[in-house]
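Asker: Sharing data16.pdb, PDB, C-alpha atoms:
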```
ATOM      1  CA  MET A 119      -5.807  12.080   2.125
ATOM      2  CA  LYS A 120      -3.464  10.593   4.709
ATOM      3  CA  VAL A 121      -0.393   9.035   3.079
ATOM      4  CA  GLY A 122       2.230   6.858   4.735
ATOM      5  CA  ILE A 123       5.687   6.648   3.183
ATOM      6  CA  LEU A 124       7.865   3.733   4.272
ATOM      7  CA  GLY A 125      11.478   4.612   3.609
ATOM      8  CA  SER A 126      13.347   7.908   3.836
ATOM      9  CA  GLY A 127      15.769   7.617   0.937
ATOM     10  CA  THR A 128      15.589   9.586  -2.291
ATOM     11  CA  VAL A 129      12.436   7.827  -3.518
ATOM     12  CA  GLY A 130      10.571   8.204  -0.233
ATOM     13  CA  ARG A 131      11.476  11.869   0.151
ATOM     14  CA  THR A 132      10.627  12.642  -3.476
ATOM     15  CA  ILE A 133       7.201  10.989  -3.411
ATOM     16  CA  GLY A 134       6.424  12.282   0.074
ATOM     17  CA  GLY A 135       7.435  15.829  -0.769
ATOM     18  CA  LYS A 136       5.367  15.867  -3.953
ATOM     19  CA  LEU A 137       2.240  14.544  -2.249
ATOM     20  CA  ALA A 138       2.664  17.114   0.516
ATOM     21  CA  GLU A 139       2.864  19.851  -2.140
ATOM     22  CA  CYS A 140      -0.427  18.508  -3.502
ATOM     23  CA  GLY A 141      -2.049  19.032  -0.108
ATOM     24  CA  HIS A 142      -1.998  15.506   1.301
ATOM     25  CA  ASP A 143      -1.256  14.693   4.941
ATOM     26  CA  VAL A 144       2.078  12.874   4.616
ATOM     27  CA  PHE A 145       3.958  10.894   7.245
ATOM     28  CA  VAL A 146       7.393   9.480   6.353
ATOM     29  CA  GLY A 147       8.541   6.448   8.315
ATOM     30  CA  SER A 148      12.197   5.589   8.800
ATOM     31  CA  ARG A 149      14.371   3.336  10.938
ATOM     32  CA  GLU A 150      16.310   6.550  11.685
ATOM     33  CA  PRO A 151      13.770   9.403  11.639
ATOM     34  CA  GLY A 152      16.250  11.790  13.185
ATOM     35  CA  LYS A 153      18.235  11.950   9.957
ATOM     36  CA  LEU A 154      15.274  13.676   8.264
ATOM     37  CA  LYS A 155      15.493  16.787  10.445
ATOM     38  CA  GLU A 156      17.107  19.025   7.816
ATOM     39  CA  TRP A 157      14.782  17.823   5.026
ATOM     40  CA  LEU A 158      11.705  18.344   7.191
ATOM     41  CA  ALA A 159      12.805  21.870   8.063
ATOM     42  CA  GLY A 160      12.803  22.761   4.380
ATOM     43  CA  LEU A 161       9.204  21.589   4.052
ATOM     44  CA  LYS A 162       8.020  23.979   6.769
ATOM     45  CA  GLY A 163       5.853  21.513   8.652
ATOM     46  CA  ARG A 164       4.068  20.006   5.662
ATOM     47  CA  VAL A 165       5.414  16.491   6.369
ATOM     48  CA  GLN A 166       5.670  14.515   9.595
ATOM     49  CA  ALA A 167       8.316  11.883  10.275
ATOM     50  CA  GLY A 168       8.660   9.016  12.701
ATOM     51  CA  THR A 169       8.904   5.257  12.773
ATOM     52  CA  LEU A 170       7.844   2.816  10.092
ATOM     53  CA  ALA A 171       4.983   1.650  12.326
ATOM     54  CA  GLU A 172       3.727   5.211  12.810
ATOM     55  CA  ALA A 173       3.779   5.860   9.058
ATOM     56  CA  ALA A 174       1.879   2.642   8.341
ATOM     57  CA  ARG A 175      -0.783   3.492  10.918
ATOM     58  CA  HIS A 176      -1.097   7.037   9.578
ATOM     59  CA  GLY A 177      -1.625   6.242   5.912
ATOM     60  CA  GLU A 178      -4.920   5.554   4.217
ATOM     61  CA  ILE A 179      -2.635   4.618   1.335
ATOM     62  CA  VAL A 180       0.971   3.555   1.941
ATOM     63  CA  PHE A 181       4.031   3.647  -0.349
ATOM     64  CA  ASN A 182       6.794   1.088   0.103
ATOM     65  CA  CYS A 183       9.918   3.052  -0.785
ATOM     66  CA  THR A 184      12.345   0.933   1.219
ATOM     67  CA  ALA A 185      15.375  -0.786  -0.301
ATOM     68  CA  GLY A 186      14.091  -3.977  -1.896
ATOM     69  CA  ALA A 187      16.514  -6.262  -0.065
ATOM     70  CA  GLY A 188      15.008  -5.138   3.237
ATOM     71  CA  SER A 189      11.412  -4.484   2.216
ATOM     72  CA  LEU A 190       9.829  -7.559   3.816
ATOM     73  CA  ASP A 191      11.574  -6.919   7.120
ATOM     74  CA  ALA A 192      10.618  -3.238   7.008
ATOM     75  CA  LEU A 193       6.987  -4.088   6.308
ATOM     76  CA  ARG A 194       6.938  -6.524   9.221
ATOM     77  CA  VAL A 195       8.269  -3.742  11.452
ATOM     78  CA  ALA A 196       5.565  -1.437  10.078
ATOM     79  CA  GLY A 197       3.015  -4.014  11.207
ATOM     80  CA  GLU A 198       0.679  -6.373   9.391
ATOM     81  CA  GLY A 199      -2.314  -5.014  11.274
ATOM     82  CA  SER A 200      -1.506  -1.425  10.300
ATOM     83  CA  LEU A 201      -1.329  -2.413   6.619
ATOM     84  CA  ALA A 202      -4.439  -4.618   6.580
ATOM     85  CA  ASN A 203      -7.107  -3.585   4.049
ATOM     86  CA  LYS A 204      -4.969  -0.670   2.852
ATOM     87  CA  VAL A 205      -3.521  -0.045  -0.582
ATOM     88  CA  LEU A 206       0.242  -0.522  -0.560
ATOM     89  CA  VAL A 207       2.070   0.903  -3.571
ATOM     90  CA  ASP A 208       5.252  -1.142  -3.899
ATOM     91  CA  VAL A 209       7.948   0.975  -5.536
ATOM     92  CA  ALA A 210      10.884  -1.192  -4.439
ATOM     93  CA  ASN A 211      13.208  -3.350  -6.527
ATOM     94  CA  PRO A 212      14.982  -6.476  -5.188
ATOM     95  CA  LEU A 213      18.479  -5.370  -6.159
ATOM     96  CA  ASP A 214      21.505  -7.237  -4.824
ATOM     97  CA  PHE A 215      24.626  -5.060  -4.548
ATOM     98  CA  SER A 216      26.661  -7.653  -2.615
ATOM     99  CA  LYS A 217      28.969  -8.297  -5.577
ATOM    100  CA  GLY A 218      29.230  -4.684  -6.659
ATOM    101  CA  MET A 219      27.943  -3.020  -9.793
ATOM    102  CA  PRO A 220      25.912  -3.700 -11.746
ATOM    103  CA  PRO A 221      23.570  -5.290  -9.193
ATOM    104  CA  THR A 222      21.704  -8.525  -9.801
ATOM    105  CA  LEU A 223      18.187  -9.447  -8.677
ATOM    106  CA  LEU A 224      17.559 -11.249  -5.399
ATOM    107  CA  VAL A 225      14.440 -12.837  -6.872
ATOM    108  CA  CYS A 226      13.346 -13.257 -10.496
ATOM    109  CA  ASN A 227      11.861 -15.540 -13.176
ATOM    110  CA  THR A 228       9.516 -17.577 -10.949
ATOM    111  CA  ASP A 229       8.796 -14.993  -8.253
ATOM    112  CA  SER A 230       9.074 -11.284  -7.492
ATOM    113  CA  LEU A 231       9.283  -8.951  -4.536
ATOM    114  CA  GLY A 232       5.771  -7.739  -5.297
ATOM    115  CA  GLU A 233       4.428 -11.280  -5.067
ATOM    116  CA  GLN A 234       6.388 -11.986  -1.892
ATOM    117  CA  ILE A 235       4.874  -8.914  -0.277
ATOM    118  CA  GLN A 236       1.356  -9.892  -1.323
ATOM    119  CA  ARG A 237       1.811 -13.444   0.033
ATOM    120  CA  SER A 238       3.292 -12.180   3.304
ATOM    121  CA  PHE A 239       0.559  -9.576   3.780
ATOM    122  CA  PRO A 240      -2.567 -11.212   2.311
ATOM    123  CA  ARG A 241      -4.928  -8.602   3.750
ATOM    124  CA  THR A 242      -2.997  -5.766   2.093
ATOM    125  CA  ARG A 243      -3.965  -4.607  -1.410
ATOM    126  CA  VAL A 244      -0.564  -4.515  -3.108
ATOM    127  CA  VAL A 245      -0.071  -2.529  -6.322
ATOM    128  CA  LYS A 246       3.347  -2.606  -7.985
ATOM    129  CA  ALA A 247       4.086   0.741  -9.657
ATOM    130  CA  LEU A 248       6.739   3.405 -10.303
ATOM    131  CA  ASN A 249       9.672   0.967 -10.007
ATOM    132  CA  THR A 250      10.824   1.254 -13.635
ATOM    133  CA  MET A 251      12.119   4.835 -13.573
ATOM    134  CA  ASN A 252      14.125   7.479 -11.757
ATOM    135  CA  ALA A 253      12.589   9.088  -8.649
ATOM    136  CA  LEU A 254      12.289  12.578 -10.130
ATOM    137  CA  LEU A 255      10.457  11.209 -13.160
ATOM    138  CA  MET A 256       8.005   9.340 -10.919
ATOM    139  CA  VAL A 257       6.470  12.589  -9.698
ATOM    140  CA  ASP A 258       7.049  14.770 -12.771
ATOM    141  CA  PRO A 259       6.640  12.883 -16.068
ATOM    142  CA  ALA A 260       6.199  16.163 -17.956
ATOM    143  CA  GLN A 261       9.923  16.887 -17.630
ATOM    144  CA  LEU A 262      10.535  14.241 -20.298
ATOM    145  CA  ALA A 263       8.970  14.465 -23.778
ATOM    146  CA  GLY A 264       5.988  16.358 -22.395
ATOM    147  CA  GLY A 265       4.905  13.322 -20.396
ATOM    148  CA  GLU A 266       4.254  11.211 -23.486
ATOM    149  CA  HIS A 267       5.635   7.967 -22.077
ATOM    150  CA  ASP A 268       4.322   5.047 -20.041
ATOM    151  CA  LEU A 269       3.966   3.957 -16.446
ATOM    152  CA  PHE A 270       3.234   0.307 -15.658
ATOM    153  CA  LEU A 271       1.370  -1.168 -12.716
ATOM    154  CA  CYS A 272      -0.047  -4.507 -11.615
ATOM    155  CA  GLY A 273      -1.910  -6.068  -8.709
ATOM    156  CA  ASN A 274      -4.662  -8.473  -7.781
ATOM    157  CA  ASP A 275      -7.190  -5.873  -6.621
ATOM    158  CA  ASP A 276      -8.836  -3.934  -9.460
ATOM    159  CA  GLY A 277     -10.218  -1.304  -7.098
ATOM    160  CA  ALA A 278      -6.772  -0.675  -5.645
ATOM    161  CA  LYS A 279      -5.297  -0.309  -9.126
ATOM    162  CA  ARG A 280      -8.004   2.201 -10.076
ATOM    163  CA  GLN A 281      -7.296   4.217  -6.936
ATOM    164  CA  VAL A 282      -3.551   4.254  -7.600
ATOM    165  CA  THR A 283      -4.067   5.127 -11.269
ATOM    166  CA  GLU A 284      -6.258   8.082 -10.321
ATOM    167  CA  LEU A 285      -3.657   9.333  -7.848
ATOM    168  CA  LEU A 286      -0.804   8.979 -10.337
ATOM    169  CA  LYS A 287      -2.700  10.863 -13.010
ATOM    170  CA  LYS A 288      -4.152  13.586 -10.814
ATOM    171  CA  GLU A 289      -1.219  14.358  -8.542
ATOM    172  CA  PHE A 290       1.836  13.340 -10.566
ATOM    173  CA  GLY A 291       0.505  14.124 -14.035
ATOM    174  CA  TRP A 292       0.805  10.722 -15.698
ATOM    175  CA  LYS A 293      -1.070  10.480 -18.987
ATOM    176  CA  SER A 294      -0.509   6.814 -19.818
ATOM    177  CA  VAL A 295      -0.821   4.147 -17.120
ATOM    178  CA  ILE A 296      -0.714   0.571 -18.422
ATOM    179  CA  ASP A 297      -2.299  -2.134 -16.252
ATOM    180  CA  LEU A 298      -0.292  -5.337 -16.776
ATOM    181  CA  GLY A 299      -2.710  -7.529 -14.828
ATOM    182  CA  ASP A 300      -2.266  -9.462 -11.584
ATOM    183  CA  ILE A 301       0.669  -9.171  -9.192
ATOM    184  CA  GLY A 302       2.550 -11.848 -11.150
ATOM    185  CA  ALA A 303       3.385  -9.140 -13.678
ATOM    186  CA  ALA A 304       5.727  -7.684 -11.057
ATOM    187  CA  ARG A 305       8.252 -10.273 -12.263
ATOM    188  CA  GLY A 306       8.627  -8.555 -15.612
ATOM    189  CA  MET A 307       8.530  -5.077 -14.101
ATOM    190  CA  GLU A 308      11.335  -5.906 -11.691
ATOM    191  CA  MET A 309      13.349  -7.852 -14.266
ATOM    192  CA  SER A 310      13.412  -4.742 -16.467
ATOM    193  CA  LEU A 311      15.833  -3.146 -13.994
ATOM    194  CA  PRO A 312      19.022  -4.782 -15.348
ATOM    195  CA  PHE A 313      18.065  -3.434 -18.792
ATOM    196  CA  TRP A 314      17.256  -0.012 -17.288
ATOM    197  CA  LEU A 315      20.694   0.038 -15.656
ATOM    198  CA  ARG A 316      22.361  -0.753 -18.992
ATOM    199  CA  LEU A 317      20.549   2.175 -20.590
ATOM    200  CA  TYR A 318      21.616   4.370 -17.692
ATOM    201  CA  GLY A 319      25.186   3.365 -18.435
ATOM    202  CA  VAL A 320      24.831   4.203 -22.126
ATOM    203  CA  TYR A 321      23.226   7.617 -21.586
ATOM    204  CA  GLN A 322      25.016   8.454 -18.318
ATOM    205  CA  SER A 323      21.715   9.871 -17.114
ATOM    206  CA  PRO A 324      18.468   8.534 -15.600
ATOM    207  CA  ALA A 325      16.386  10.995 -17.651
ATOM    208  CA  PHE A 326      14.657   8.432 -19.863
ATOM    209  CA  ASN A 327      11.627   6.156 -19.818
ATOM    210  CA  TYR A 328       9.736   3.588 -21.870
ATOM    211  CA  ARG A 329       7.060   4.308 -24.459
ATOM    212  CA  ILE A 330       5.006   1.459 -25.948
ATOM    213  CA  VAL A 331       4.295   2.201 -29.596
ATOM    214  CA  ARG A 332       1.547   0.199 -31.311
TER     215      ARG A 332
END
```
Would you write the structure of this file as structure tokens?
Answerer:
Amino acid sequence: MKVGILGSGTVGRTIGGKLAECGHDVFVGSREPGKLKEWLAGLKGRVQAGTLAEAARHGEIVFNCTAGAGSLDALRVAGEGSLANKVLVDVANPLDFSKGMPPTLLVCNTDSLGEQIQRSFPRTRVVKALNTMNALLMVDPAQLAGGEHDLFLCGNDDGAKRQVTELLKKEFGWKSVIDLGDIGAARGMEMSLPFWLRLYGVYQSPAFNYRIVR
């Protein structure tokens, strides 16, 4: 499958590299694709890199791994037409670092970045997922408690959510994927980040995740 990755930071490189290992045709888009030269060399031609627009056009499924504060602008650069009718997995969080650490949220309570993206790109099938954990855990849940913990997702398109769930289970090894409902659930998913950051501070490590016990 052709996969477009928007964003060349740690999350974008981690997800892109893993999907390339799984045999997918991956294209990473960046505002500065030249900075990926060393990383690409280590992958021995398994991943292509270029502009955000090129990555969006390439992908049958696209991952938004851009910094949340700039996600809407980055997606506009990628192109509404290139994202139309495609599944967009939104991994970003609307974190505001303008006043230092810990960051606050640019949007919360009555809206979310996931909802803003869906409103701005109504023809795109947005699925919020993977935003509640560290990048390495996203692609390798087995490294923590044998993978016995939970991943949350939400979105308005049931078919898109099924497709993303299948990919997350098959390629990344997730055992438990909890569908929280429509894209409005992105509010809670994104608002969990301040709590996640507090836990990070307590444990001095991002090697943890949530498990819902019933």
Asker: Determine, using only C-alpha atoms, which residues of range 222-270 of chain A have any atom at most 9 Å from an atom of range 185-206 of chain A, and tabulate each with its shortest atom pair and distance in Å to one decimal place, rows ordered by chain and then rising number, as a tab-separated table.
Answerer:
```
residue	atom	partner	partner_atom	distance
A:Leu224	CA	A:Ala187	CA	7.4
A:Leu231	CA	A:Gly186	CA	7.4
A:Gln234	CA	A:Leu190	CA	8.0
A:Ile235	CA	A:Leu190	CA	6.6
A:Ser238	CA	A:Leu190	CA	8.0
A:Phe239	CA	A:Glu198	CA	6.5
A:Pro240	CA	A:Ala202	CA	8.1
A:Arg241	CA	A:Ala202	CA	4.9
A:Thr242	CA	A:Ala202	CA	4.9
A:Arg243	CA	A:Val205	CA	4.7
A:Val244	CA	A:Leu206	CA	4.8
A:Val245	CA	A:Leu206	CA	6.1
A:Lys246	CA	A:Leu206	CA	8.3
```
Asker: Put those residues in a file: C-alpha atoms, as a PDB file, keeping the file's coordinate frame.
Answerer:
```pdb
ATOM      1  CA  LEU A 224      17.559 -11.249  -5.399  1.00  0.00           C
ATOM      2  CA  LEU A 231       9.283  -8.951  -4.536  1.00  0.00           C
ATOM      3  CA  GLN A 234       6.388 -11.986  -1.892  1.00  0.00           C
ATOM      4  CA  ILE A 235       4.874  -8.914  -0.277  1.00  0.00           C
ATOM      5  CA  SER A 238       3.292 -12.180   3.304  1.00  0.00           C
ATOM      6  CA  PHE A 239       0.559  -9.576   3.780  1.00  0.00           C
ATOM      7  CA  PRO A 240      -2.567 -11.212   2.311  1.00  0.00           C
ATOM      8  CA  ARG A 241      -4.928  -8.602   3.750  1.00  0.00           C
ATOM      9  CA  THR A 242      -2.997  -5.766   2.093  1.00  0.00           C
ATOM     10  CA  ARG A 243      -3.965  -4.607  -1.410  1.00  0.00           C
ATOM     11  CA  VAL A 244      -0.564  -4.515  -3.108  1.00  0.00           C
ATOM     12  CA  VAL A 245      -0.071  -2.529  -6.322  1.00  0.00           C
ATOM     13  CA  LYS A 246       3.347  -2.606  -7.985  1.00  0.00           C
TER      14      LYS A 246
END
```
Asker: For Tyr328 in chain A, which residue out of A:Gly265, A:Gly127, A:Gly277, A:Gly302 is the nearest one, using all atoms listed in the file?
Answerer: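 That would be A:Gly265, the residue with the smallest distance to Tyr328 in chain A.
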Asker: Using all atoms listed in the file, which of A:Leu269, A:Leu223, A:Val282, A:Ala325 sits nearest Glu308 in chain A?
Answerer: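 For Glu308 in chain A, the nearest of the candidates is A:Leu223.
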Asker: To one decimal place in Å, what is the distance between CA of Leu170 in chain A and CA of Ser148 in chain A?
Answerer: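 So the two atoms, CA of Leu170 in chain A and CA of Ser148 in chain A, lie 5.3 Å apart.
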Asker: Work out how far CA of Ala303 in chain A is from CA of Glu233 in chain A, in Å to one decimal.
Answerer: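 Atom-to-atom, CA of Glu233 in chain A to CA of Ala303 in chain A, that is 8.9 Å.
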Asker: Extract, using only C-alpha atoms, all DNA, RNA and protein residues at most 10 Å from Leu248 in chain A, discarding same-chain residues fewer than 5 positions from it, and format them as a list in words.
Answerer: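 Listing them by chain and then by number gives Val129, Val207, Asp208, Val209, Ala210, Ala253, Leu255, Met256, Val257, Leu269, Phe270, Leu271, Leu286 and Met307 of chain A.
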Asker: Between A:Thr250, A:Asn211, A:Ser126, A:Asn182, which one has atoms that come closest to Gly168 in chain A, using only C-alpha atoms?
Answerer: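 Ranked by minimum distance to Gly168 in chain A, first place goes to A:Ser126.
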Asker: Pick the closest to Thr222 in chain A from A:Tyr321, A:Met309, A:Thr132, A:Ile330: which is it, counting only C-alpha atoms?
Answerer: A:Met309
Asker: My list of candidates is A:Pro220, A:Cys226, A:Val121, A:Ile133. Which is closest to Leu317 in chain A when distances are computed with all atoms listed in the file?
Answerer: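 That would be A:Pro220, the residue with the smallest distance to Leu317 in chain A.
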Asker: Kindly indicate which residue among A:Leu213, A:Leu285, A:Leu158, A:Ile296 lies nearest to Ile179 in chain A, using all atoms listed in the file for the distances.
Answerer: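 So, comparing all the options, the nearest one is A:Leu285.
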Asker: Interatomic distance between CA of Arg316 in chain A and CA of Ser216 in chain A?
Answerer: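 Pair CA of Arg316 in chain A / CA of Ser216 in chain A returns 18.3 Å.
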Asker: Given the point (1.8, 18.5, 4.9) in the file's coordinates, find the residues that have an atom at most 10 Å from it, counting all atoms listed in the file, and give them as a list of chain:residue names.
Answerer: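 Collected hits near the coordinates: A:Lys120, A:Val121, A:Gly134, A:Gly135, A:Lys136, A:Leu137, A:Ala138, A:Glu139, A:Cys140, A:Gly141, A:His142, A:Asp143, A:Val144, A:Phe145, A:Leu161, A:Lys162, A:Gly163, A:Arg164, A:Val165, A:Gln166.
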Asker: Apply the PyMOL selection byres ((chain A and resi 327) around 7) to the displayed file and report the matching residues as a list in words.
Answerer: Met251, His267, Phe326, Tyr328 and Arg329 of chain A
